[in-house]
Structures are given as structure tokens and as C-alpha cells.
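I have placed the structure first, in the form of C-alpha cells, so that the comments after it can refer back to it.
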Amino acid sequence: MAETLVSPGVLAREQDQSFIQGQPVSVGAAIIGPAVKGPVEIPTVVTSYSDYQNRFGTTFVSGGDVYSYLTSISAYNYFQNGGQSLLVARVVSGSADTDWGYASSTVESQTSVGIAPATGSFDLAAAFSDGEEVRITYGSSVYRFVASGDPIPQDDVDGNLYFFSTGSTSGSSATNLGAEINAAISGAAASSSVDLLFASVTDATLTISASADGTAYNGITIATGSGADFSTQLTLAGGTDSSTASTCFTLETLNKGTIMNSSSSLDASGSLESGSVDNVRWEVVNPNTSSGTFTLLVRRGDDNTNTKNVLETWTNLSLDPKANNYVAKVIGDQTLNYNSTENYVAVSGSYPNVSRYVRVSAVNATTPDYFDNTGNPKDQYTGSLPLVASGSFSGGTGTDIASGAKYYNEITTNTQGLVAASYTNMISLLANQDEYKFNVISTPGLIDGTHTSAITSLVSNIQSRGDSIYVVDSAVYGSTVASVSTQAQTRDTSYAATYWPWVQVQDPDSGKNVWVPASTVIPGVYAFNDNASAPWFAPAGVNRGGLGQVIQAERKLSQSNRDTLYDAKVNPIASFPGTGVVVYGQKTLQTKSSALDRVNVRRLLINLKSYISQVSQNLVFEQNSRATRAQFLNAVNPYLESVQSRQGLYAFRVIMDDSNNTADVIDRNELIGQIFVQPTKTAEFIYLDFIVQPTGATFPA
């Protein structure tokens with residue numbers, strides 16, 4: 001379309017400013033740490049604490065006492081304070097690839113491998129002559145088939161007497177006899193003790209097989225002759241009742257570890273000795289050969305036959321890989337494992353996992369095109385459906401729960417049964433901001449100065465991401481103000497913040513009062529702050545920094561203590577009579593004095609960059625034109641205006657025009673935008689001057 005007029009005329013131009021922009025993608029917190037169960041080194045999103053409990057477990061027993069991991073306590077506090085989503089990266093001891101394995105279980109088919117029908121065959125040397133007959137004897141029952149020329153006499157069904165055409169050749173005689181057997185004996189099945197089925201004729205060879213599997217029809221004889229002169233041609237044999245089981249399909253737990261093993265003996269009530277709240281069992285019900293479907297129940301491991309605790313019900317499942325209700329497609333069959341060499345989660349399998357507990361690792365008895373052209377089930381498939389049965393899981397390997405390990409406040413070089421190196425893989429993986437979205441991350445159990453290398457790696461990754469803040473714990477339980485202050489001074493970044501002292505909370509699962517590092521509760525403070533106000537408000541003070549779930553702080557800080565800590569970039573957790581325990585600081589670990597040495601400003605920038613980056617992503621590979629720039633401005637300006645109206649900015653300006661997108665910039669396939677912002681500052685230091693004046697003095701204007 002022309003952009004200018006060269007000769008007289010009318011040019012109609014349009015600018016589309018009606019683009020509907022989405023809201024910022026909602027992201028929450030991330031946490032790296034051990035858990036009782038759950039996907040190993042596979043970051044998983046949970047949306048409530050009950051969801052966390054189902055996926056990652058609750059308590060465990062160590063050294064005769066009951067414990068929870070700090071990961072669980074942190075998740076509880078986060079959701080209690082309004083958190084919406086939590087990305088949990090479970091870490092384990094040893095190698096997740098070699099020391100940890102999934103538990104599995106096989107589901108058996110209805111048809112056993114060894115069951116077969118009785119069969120037999122014989123060759124006709126010549127065509128039957130008129131009057132020759134074939135006698136089939138089964139016990140005391142005798143069925144007579146007499147060869148006859150035209151016209152063929154009427155069968156005497158009550159007398160078990162049947163007639164067939166002699167045929168002109170041995171092959172035609174065999175064919176005619178087979179057709180008569182098929183029609184007469186099969187048709188008389190309801191009233192007779194034998195039900196033979198003509199199988200096939202090849203040249204002049206007649207093959208007959210029993211219509212049912214098993215040994216019951218072994219010994220049926222077929223003789224030929226006339227008058228009193230008969231000779232046995234074959235005796236049916238080969239029917240078997242073997243009970244060797246065949247595998248229909250195999251289920252595998254989504255989680256690794258010995259905790260997933262439920263395989264054990266059943267007691268009288270149908271309870272599994274090894275069943276627990278943390279593992280599962282399965283049950284097949286309602287197999288239907290008419291429809292080729294069945295139902296699979298996933299039950300909690302600690303239930304019993306009379307009081308089943310069904311976690312998931314999968315109905316109308318099929319073994320037909322062409323069907324939409326194919327068992328692997330409905331439940332999922334993908335295996336996810338962290339690849340430490342390439343630093344990504346490797347996926348194998350065709351269908352995403354929909355079940356929260358199991359996947360289908362193999363289907364051994366598929367039934368492609370279960371129905372024939374008339375709509376009836378194919379005989380070779382009806383025995384492939386699973387048996388009505390229940391089962392348990394075994395083969396899971398790996399456990400973190402070690403007697404005598406250090407939990408809660410007893411953190412040393414070893415932490416919660418692990419070492420800092422256990423966190424390395426997930427620290428590396430969560431550097432991928434395209435795949436994993438979060439705005440705050442914590443590692444309760446890692447202590448700066450004790451686990452320095454791991455924390456340094458995570459700080460570096462968070463700085464590179466530029467879209468989140470890391471809550472760091474600077475000291476172990478029982479540290480001094482001086483040691484905490486000294487440790488905090490070793491860090492210099494606006495993408496991390498530290499809080500002290502430790503606090504006491506109630507473990508929601510064990511019920512015990514326990515001492516935990518501040519990072520266990522601070523993400524919950526951020527969540528409350530964002531729900532009550534916005535990310536650019538300070539997550540501190542009585543209004544938004546109250547720690548209602550905290551019983552007490554490790555120590556009550558004096559004004560002098562708070563001054564020392566705040567000067568060293570440590571955010572004090574203060575205790576005030578009548579108010580309780582409160583976060584009373586919001587500094588980042590940045591050393592240089594600037595707007596970004598405050599948590600609210602850093603989180604403001606994180607929020608702005610996140611939204612504007614989402615808008616810009618939609619413009620990649622678009623035309624580098626004024627229309628594209630206008631699309632950007634039409635999305636960004638209104639959003640910044642809304643932030644300004646909600647007290648996040650004093651002022652702002654967005655420039656994306658010819659001034660910063662010159663010809664040489666465009667020729668490099670670049671699009672430049674500049675966003676100038678003046679963040680709102682918080683009132684952290686309030687000075688109140690009380691001036692006493694004599695009577696009659698005039699107050700200043």
C-alpha cells in the first residue's frame with residue numbers, strides 16, 4: 001500500500017491500535033530442596049499445600065523421631081500467606097541416574113499363554129462314495145455324517161444324523177463335509193455336549209479344532225467307513241489348561257525411590273504390609289470384551305479392600321493404539337530424567353503424563369482395530385483385556401532418609417541428610433528462564449559461608465536471568481550479630497537479600513515447634529505483600545511484613561542490633577511487644593547505594609522487565625516498521641500508567657521511534673526501545689521533631 005501521494009488524490013491510511021494485550025504471566029516462587037518423595041530432579045509446579053503433600057510427601061522417621069524437611073515447612077508457609085504457585089525442584093543424595101529408580105508393576109491379561117484348543121486333521125485319499133459316512137464320537141455321543149448323491153436327504157437332528165454331498169473330488173468331498181460339520185455340530189452346541197468347529201480345508205486335508213480352549217475336548221475321535229467297518233482317522237489332541245500368566249501392560253510410578261515400593265503380602269482385610277500414604281497400588285475393574293474396554297483405579301498404598309482410598313479413576317480404557325481411549329494415551333507414557341551432561345530434562349515416550357502417580361511404561365497386548373467390519377470384537381483380541389485384579393509396585397531404589405542426619409537448626413556441612421553438591425544439578429537447570437518461570441527463589445538448608453560454592457552459583461544464575469530475587473540465609477542457628485554482618489558483606493548483588501535471625505514455627509505435619517532459617521518464611525512474606533499491595537511495595541513493616549505464623553525469633557534484637565545489621569545489608573527480623581515478629585528491613589545485598597539496594601525497587605524492575613519482555617516476544621520477526629513500534633508503545637505505556645497509578649513509579653517515559661531506531665540500527669535487524677522509570681521510594685526513616693514553643697508564639701506557615 002502506498003504511504004504518500006505523488007499526484008493529486010486521496011490516500012486513506014489506517015493504524016490498528018486495538019491490539020488486545022494479555023496480562024503479565026503469573027509466576028510464583030521456586031524452591032530447591034529435599035522431599036520425602038516426588039519427581040527426582042524434575043522441577044514440578046504445585047498450586048496448594050495439599051497438592052504439595054500429595055506429590056512430595058510430609059513427614060518421615062529418622063533415629064526414632066519424626067521430622068519434616070525444611071522444603072515442606074517453607075511450602076506450607078508460602079501457601080498459607082497467599083502464594084498461588086510453587087516450583088519445587090527435589091534434590092537427592094547420590095546420583096539421581098544410577099542410585100535412584102522407579103517402581104513398576106505388571107497387569108496380567110485375561111488369556112494365559114499356555115491355553116490352547118484341541119485340534120486334528122486327516123487327508124481324504126478319494127472322494128466319498130454314496131453311503132460312506134464319518135462318525136464323530138465324544139464320550140457316549142455319536143454324530144453321523146453320511147455322503148449322499150442328489151437329492152440330499154433331510155437331516156435327522158434328533159438322531160444326530162446329517163447328510164452331505166459326495167462331491168466329485170476328494171477336495172470337494174472334504175469341503176462339503178467340513179461345511180456340514182460346521183453347520184450341524186456348531187448349530188447344535190446349545191443342546192449337545194460337543195461343539196466342534198470346521199477350521200479349514202487345504203486341498204483334501206480337513207482340519208478340525210475345538211471351539212473352546214482347554215483339555216475338555218481332547219480325545220474326540222473321527223472315523224470313516226460304512227456298515228460295521230470303520231477306521232479312526234484322527235483323535236483331537238493338544239488342548240491345554242496351562243496357567244502361565246501373560247503381561248497385558250506395565251505401570252511405573254512417576255516418582256523414584258524405595259518409598260514407592262508397596263509390593264508385599266495381603267492380610268485378611270486386603271491391606272498391603274508395605275502400603276503407606278506415600279506409595280500407591282492399582283486395581284482393574286469392569287473389563288468388557290463387548291466394548292474392549294476396562295477401568296483402572298489408582299489407590300493409596302495404605303488402604304484395604306473394604307475401605308478403598310481411590311486417588312484416580314480411569315474409565316473406558318482401551319488397548320487399541322488407534323483409539324483415543326488407548327491406555328497409554330489417556331494415562332501417559334513419558335519418562336522424564338535430568339540430563340546432567342546437557343543440562344536439560346530428557347523426555348522419552350509418546351504421550352504426556354496425565355496421571356499424577358503412574359505412567360504406562362509398556363503395552364504388551366495391543367488390540368489394533370478391535371472390531372471387525374461387522375462391528376463385532378475379533379476373537380484373537382477378546383482374551384487380551386486385563387484380568388479383574390489388584391496389584392502393587394516394586395523395584396524402586398534410592399532413599400534420603402538417614403538415621404542421625406541433621407535437620408532443622410542442626411545444619412553443618414551436611415544439611416538435611418545431603419551435601420551442597422546435591423543441589424548442583426537443579427541450580428544449573430533453573431538457570432533456564434525460558435523453561436522455568438519464578439520471581440523469588442530459596443534454598444532453605446543451604447547456608448552462606450558453609451555452602452558458599454552452591455550459593456555463589458545460584459546467585460550468578462539469578463543475576464543472569466534478571467527476573468527473580470534469591471532469599472539467602474547467611475548464618476547457621478546460634479550465630480552472632482557480628483558474624484552475620486560479616487558474612488553478608490561478602491555478597492554484592494541486588495538480586496539477593498538476606499534476613500536474620502532464625503525463627504521458630506510449628507511444623508504443620510509433625511506438630512513440633514522447630515527452628516528454621518528465615519528463607520523458610522520470607523517467600524510467604526513476599527506472597528502476602530503482592531496480594532495485599534503489589535510487588536513494588538516494601539515486603540516489610542507491620543502492615544506487610546508481619547510474621548503471624550512465627551512463634552518467636554531466635555533472639556530479640558535491640559535498636560543497636562538492628563542498626564548494625566541494616567548497615568551490613570542484613571534485614572532484621574524484629575520482635576515488638578503487642579505486635580509480634582516483623583520483618584523490619586528491605587535491603588538487597590547490593591553494596592553501592594542506589595535505588596536497587598532496596599527489595600521493592602528490585603522487585604519493581606523484575607515485574608516491569610517480565611511484562612515488557614512478554615510484549616516484546618510477540619514482536620520478534622515482525623516487520624521493523626512504525627506500525628510495530630506503535631504496537632509496542634500501545635501495550636507498554638498503559639501498563640506503566642497503571643503501575644504509576646498504583647504507586648510504583650513517580651514518572652516514566654518510553655521511547656521507540658526514529659531517534660533510537662536509525663537506518664543503521666534497522667539494517668542490523670535490530671529494534672531498540674528505551675524505558676525510563678523513576679521508582680517510588682519507601683519511607684524507611686521517619687523523623688518527628690516535636691518543637692515546644694512559648695505561649696502566644698506564632699506557628700510557622
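Every chain in the C-alpha cells takes a letter, A first, then B, and so on in the order presented; its residues are numbered from 1, and the ligands are numbered from 1 following the presented order.
Residues within 8 Å of A:Phe164, counting only C-alpha atoms and excluding same-chain residues fewer than 3 positions away, are A:Phe145, A:Val146, A:Ala147, A:Ser148, A:Ile152, A:Asn176, A:Leu177, A:Glu180.
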Store the residues picked out above, limited to N, CA and C atoms, as a short mmCIF file (atom, residue, chain, number, x, y, z; two decimals), in the first residue's frame.
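Result file out_32.cif:
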```cif
data_model
loop_
_atom_site.label_atom_id
_atom_site.label_comp_id
_atom_site.auth_asym_id
_atom_site.auth_seq_id
_atom_site.Cartn_x
_atom_site.Cartn_y
_atom_site.Cartn_z
N PHE A 145 -22.25 -88.48 9.83
CA PHE A 145 -22.31 -87.65 8.64
C PHE A 145 -22.20 -88.59 7.43
N VAL A 146 -23.31 -88.71 6.65
CA VAL A 146 -23.40 -89.69 5.57
C VAL A 146 -23.30 -88.99 4.22
N ALA A 147 -22.41 -89.49 3.34
CA ALA A 147 -22.27 -88.94 2.00
C ALA A 147 -23.45 -89.39 1.15
N SER A 148 -23.97 -88.49 0.32
CA SER A 148 -25.16 -88.82 -0.46
C SER A 148 -25.13 -88.08 -1.79
N ILE A 152 -30.16 -84.64 -1.66
CA ILE A 152 -29.62 -84.85 -0.32
C ILE A 152 -30.77 -85.04 0.65
N ASN A 176 -17.31 -80.22 1.42
CA ASN A 176 -18.72 -80.44 1.74
C ASN A 176 -18.90 -80.99 3.15
N LEU A 177 -18.01 -81.93 3.54
CA LEU A 177 -18.07 -82.49 4.89
C LEU A 177 -17.80 -81.39 5.93
N GLU A 180 -20.79 -79.16 6.42
CA GLU A 180 -21.88 -79.80 7.16
C GLU A 180 -21.56 -79.90 8.64
#
```
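Of the residues under consideration (A:Gly696, A:Gly466, A:Gly391, A:Gly398), A:Gly391 shows the shortest atom-to-atom contact distance to A:Leu297 when counting only C-alpha atoms.
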Residues at most 6 Å from stretch 276-293 of chain A, counting only C-alpha atoms, excluding those fewer than 2 positions away in the same chain, as a PDB file with C-alpha atoms, in the first residue's frame?
```
ATOM      1  CA  MET A 260       7.348 -46.063  46.201  1.00  0.00           C
ATOM      2  CA  THR A 295     -11.364 -49.345  34.221  1.00  0.00           C
ATOM      3  CA  LEU A 296      -8.143 -48.744  36.141  1.00  0.00           C
ATOM      4  CA  LEU A 297      -8.107 -47.447  39.719  1.00  0.00           C
ATOM      5  CA  VAL A 298      -5.040 -45.902  41.331  1.00  0.00           C
ATOM      6  CA  ARG A 299      -5.393 -46.439  45.077  1.00  0.00           C
ATOM      7  CA  ARG A 300      -3.390 -45.165  48.011  1.00  0.00           C
ATOM      8  CA  GLY A 301      -0.954 -47.750  49.278  1.00  0.00           C
ATOM      9  CA  ASP A 302      -2.312 -47.875  52.837  1.00  0.00           C
ATOM     10  CA  ASN A 316     -13.274 -46.658  29.365  1.00  0.00           C
ATOM     11  CA  LEU A 317      -9.607 -47.544  28.733  1.00  0.00           C
ATOM     12  CA  SER A 318      -8.649 -49.484  25.608  1.00  0.00           C
ATOM     13  CA  THR A 382     -11.068 -60.673  23.395  1.00  0.00           C
ATOM     14  CA  VAL A 388     -10.030 -58.238  37.289  1.00  0.00           C
ATOM     15  CA  ALA A 389      -7.237 -57.928  39.832  1.00  0.00           C
ATOM     16  CA  SER A 390      -5.227 -55.560  42.006  1.00  0.00           C
ATOM     17  CA  GLY A 391      -1.506 -55.141  42.322  1.00  0.00           C
ATOM     18  CA  SER A 392       1.374 -53.281  43.963  1.00  0.00           C
TER      19      SER A 392
END
```
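DSSP secondary structure from the backbone places Ser170, Gly171, Ser172, Ser173, Ala174, Thr175, Asn176, Leu177, Gly178, Ala179, Glu180, Ile181, Asn182, Ala183, Ala184, Ile185, Ser186 and Gly187 of chain A of stretch 90-267 of chain A in alpha helix (DSSP H).
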With C-alpha atoms kept, could you save the residues just selected as a tab-separated table (two decimals), in the first residue's frame?
```tsv
chain	number	residue	atom	x	y	z
A	170	SER	CA	-11.52	-85.64	-2.64
A	171	GLY	CA	-11.12	-81.88	-2.19
A	172	SER	CA	-14.79	-81.17	-2.84
A	173	SER	CA	-15.82	-84.04	-0.54
A	174	ALA	CA	-13.66	-82.57	2.24
A	175	THR	CA	-15.16	-79.14	1.66
A	176	ASN	CA	-18.72	-80.44	1.74
A	177	LEU	CA	-18.07	-82.49	4.89
A	178	GLY	CA	-16.47	-79.52	6.63
A	179	ALA	CA	-19.40	-77.26	5.78
A	180	GLU	CA	-21.88	-79.80	7.16
A	181	ILE	CA	-19.91	-80.28	10.38
A	182	ASN	CA	-19.71	-76.57	10.79
A	183	ALA	CA	-23.44	-76.11	10.30
A	184	ALA	CA	-24.67	-79.13	12.19
A	185	ILE	CA	-22.43	-79.52	15.22
A	186	SER	CA	-21.87	-75.83	15.88
A	187	GLY	CA	-25.54	-75.17	15.50
```
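Checking A:Ala538, A:Val599, A:Ala237, A:Val345 one by one against A:Val471, counting only C-alpha atoms, you find the shortest gap at A:Val599.
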Exercise: A:Leu596 partners within 12 Å, only C-alpha atoms, chain neighbours under 2 positions left out, as a PyMOL selection string: chain A and resi 469+492-497+536+586-594+598-606+678-681
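Across the model, the gap from atom CA of A:Val107 to atom CA of A:Ser361 is 11.4 Å.
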Within 8 Å of stretch 45-59 of chain A, counting only C-alpha atoms, which residues qualify if same-chain residues fewer than 6 places away don't, as a PyMOL selection string? chain A and resi 35-39+66-69+72+75-76+79+84-88+278+356+509-510
Extract, using only C-alpha atoms, all DNA, RNA and protein residues at most 12 Å from A:Gly219, discarding same-chain residues fewer than 3 positions from it, and format them as a list in words. Pro117, Ala118, Thr119, Gly120, Ile136, Thr137, Tyr138, Gly139, Val194, Ser209, Ala210, Thr215, Ala216, Ile222, Thr232, Leu234, Thr235, Leu236, Ala237, Gly238 and Gly239 of chain A
Set the distance at 12 Å and use only C-alpha atoms: which residues neighbour A:Gly383 once local chain neighbours fewer than 5 positions away are removed? I'd like the list as number ranges by chain. A: 108-113, 115, 213, 246-248, 287-290, 292-293, 319, 365-367, 370, 377-378
May I have the selected residues written with C-alpha atoms, as a JSON list (two decimals), in the first residue's frame?
```
[["chain", "number", "residue", "atom", "x", "y", "z"],
["A", 108, "GLU", "CA", -1.95, -59.54, 33.52],
["A", 109, "SER", "CA", -4.18, -60.36, 30.54],
["A", 110, "GLN", "CA", -7.33, -62.47, 30.71],
["A", 111, "THR", "CA", -5.89, -65.13, 28.36],
["A", 112, "SER", "CA", -2.98, -67.14, 29.69],
["A", 113, "VAL", "CA", -0.12, -68.05, 27.41],
["A", 115, "ILE", "CA", -4.20, -72.27, 26.99],
["A", 213, "ASP", "CA", -9.65, -73.73, 24.78],
["A", 246, "SER", "CA", 0.95, -63.06, 30.19],
["A", 247, "THR", "CA", 1.57, -59.34, 30.61],
["A", 248, "CYS", "CA", -1.12, -57.01, 29.38],
["A", 287, "PRO", "CA", -13.23, -55.43, 31.74],
["A", 288, "ASN", "CA", -15.77, -55.66, 28.92],
["A", 289, "THR", "CA", -14.99, -57.85, 25.92],
["A", 290, "SER", "CA", -18.01, -56.48, 24.02],
["A", 292, "GLY", "CA", -12.90, -53.85, 24.50],
["A", 293, "THR", "CA", -12.61, -51.52, 27.49],
["A", 319, "LEU", "CA", -5.65, -51.47, 24.37],
["A", 365, "ALA", "CA", -1.16, -56.87, 24.45],
["A", 366, "THR", "CA", -2.33, -54.27, 21.95],
["A", 367, "THR", "CA", -5.62, -54.74, 20.12],
["A", 370, "TYR", "CA", -10.52, -54.37, 18.00],
["A", 377, "PRO", "CA", -14.92, -57.99, 18.57],
["A", 378, "LYS", "CA", -12.20, -60.04, 16.89]]
```
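You can rank A:Ser519, A:Gln504, A:Ser642, A:Ser129 by their closest distance to A:Ala553 using only C-alpha atoms, and at the top of that list sits A:Gln504.
With only C-alpha atoms as the atoms that count, the residue of A:Trp500, A:Tyr344, A:Phe438, A:Tyr102 with the shortest distance to A:Ala482 is A:Trp500.
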DSSP on the backbone: what in stretch 250-347 of chain A comes out strand (DSSP E or B), as a ChimeraX atom specification? /A:250-256,266,272,280-288,293-300,310-318,326,335-339,344-347
